[in-house]
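Taking it in order: structure first as structure tokens, then the write-up.
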Amino acid sequence: MNINKFHIATFIVFIQFLNSASAQSTYQFGLLPSINLNYKLENDWSLNSKIESRQLLQTGKFNGSTESEYNYILTDISMITAKKVGLNSRVAGGYLIRLREEKLFHRFIQQYTVVQRLSALRLVHRFSTDQTFSKEEKPEFRLRYRIASEIPLNGESVDPQEFYFKFNNEYLNSWQDSDYDLEIRLVPLLGYNLKNNDKIEVGMGYRVNSFLDNTTRHSFWTSINWFLEI
Amino acid sequence: MIKSILAVVAIFILGNFSNSLFAQQKFEKESRLAQSDVPMNALNFIDSLNLKNKVKWYLEEGLERKSIEAKFKRNRKKHSVEFDALGNIEDVEIEMKWDELTTPLKNSISTRLQKDCIKHRINKIQIQYTGNQIPLFLKLLSGKPTEDLTVKYEIIVKCRSEKSTELFEYLFTDKGHFVLASQIIFKPSYHLEY
């Protein structure tokens, strides 16, 4: 399956989810800005630190009531260290702290990424696991796979001062206590490459979960990402 | 507090925007070129080949020079024809397979790669023809090179050394003698990984 067919198939799945949204389905709409700093170290090591904040602007039910009110939800701060293990692959591990309503959540992250360089696009496969602990909730364990594609909008590669299209598609399996859930994320983004080490992206991410037990929750997050390599 | 954070972020962003707009940058840039912007010489050269497949045009801008590249498929092989900014042809590159090389050439290239790398894998081979317009045109039309052309082989190799695994571009003469090797530096992919 080529990448265009993959995107079309994913889009159809996305539309199906929207169509299946019943009066029971709830939605959220908000902002998800992030700053992503990367540091290159010696011997193929690198560091990534990220701060991301989630802010809710609207909640409601499909075909039902709507409530528009600004609500700050949470902030995530993470630090991940990575080591290049092959020409196109990297293993990484790190820690994330989540601040939500004066509660603290501690998350440990392990991931493996593979970069595929095709003639007119780049694909990155990310396999990751994480474990989240807090005083208030039972531990949560997740197994995730994400495919991210970067398509240059001018030429065959993204050069400085050029736009690109980015599409993330992620599948998250989560286990908490005896509950299992699957979340699917689709994030189309428009990016601008100021320099090779400085990028800004804007897009609307879509997340759907709890559809396995018929209490489907949809959320739409406006992503504003800034990636900087120091 | 939030206002102070936003102000710092705004200064960072504006600083980066202004650097990109006003500072001299050293980079090579490749972009698609509309057929209407292609110099007449280059357009006529490609038109006279009567190609069945679509031709994609690119502009490559370096610090010191600009060049124009036509990319197309012919006989199931990827072709790349490079012109200078005025549309004068410079070289022709055709993708080929390892099995298509002669045994002495393969032996010579392999000896060099085995010397440089603990383990290697060839990712791509291109035969490169350089010369004047007429011999290059005849080569493209008939498929057979004339004696007036200089032939070289450009090989992309994944090379594992004691320290790390990197991608290199090697250039060999038609006899398989080493000309040069340069490491291919990848663009960062942090925005796709995190």
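All residue names refer to the structure tokens as shown: chains lettered A, B, ... in order, residues numbered from 1 in each chain, ligands numbered from 1 in order.
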
Residue neighbourhood Lys158 of chain B, 6 Å, only C-alpha atoms, exclusion window fewer than 3 positions, as a list in words: His120, Arg121, Glu166 and Leu167 of chain B

Would you save the residues from that selection as a compact mmCIF listing (two decimals), in the first residue's frame, using N, CA and C atoms?
# COMPACT_ATOMS: atom_id res chain seq x y z
N HIS B 120 29.33 -3.46 4.48
CA HIS B 120 28.70 -2.44 3.65
C HIS B 120 27.52 -2.99 2.86
N ARG B 121 26.64 -2.06 2.48
CA ARG B 121 25.52 -2.44 1.61
C ARG B 121 25.31 -1.34 0.58
N GLU B 166 27.24 4.87 8.77
CA GLU B 166 26.88 6.10 8.06
C GLU B 166 26.62 5.79 6.59
N LEU B 167 26.05 6.78 5.90
CA LEU B 167 25.78 6.64 4.46
C LEU B 167 26.81 7.50 3.71

Neighbours of chain A in chain B at 6 Å, counting only C-alpha atoms, as a list of chain:residue names: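 Contact residues on the first chain: B:Lys29, B:Ser31, B:Arg32, B:Thr165, B:Glu166, B:Leu192.
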
Tyr145 of chain A surroundings by only C-alpha atoms, 9 Å radius, close-in-sequence under 5 positions cut, as a PyMOL selection string: chain A and resi 125-129+169-173

Filtered DSSP result for segment 6-191 of chain B, state alpha helix (DSSP H), as a count of residues only: 51

Point-to-point distance in Å for atom CA of Ile155 of chain B and atom CA of Leu51 of chain B: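 Computing it gives 26.1 Å between the two atoms.
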
Residues within 9 Å of segment 70-75 of chain A, only C-alpha atoms, excluding chain neighbours under 3 positions, as JSON, numbers by chain: {"A": [30, 51, 52, 53, 54, 55, 56, 57, 58, 97, 98, 99, 100, 101]}
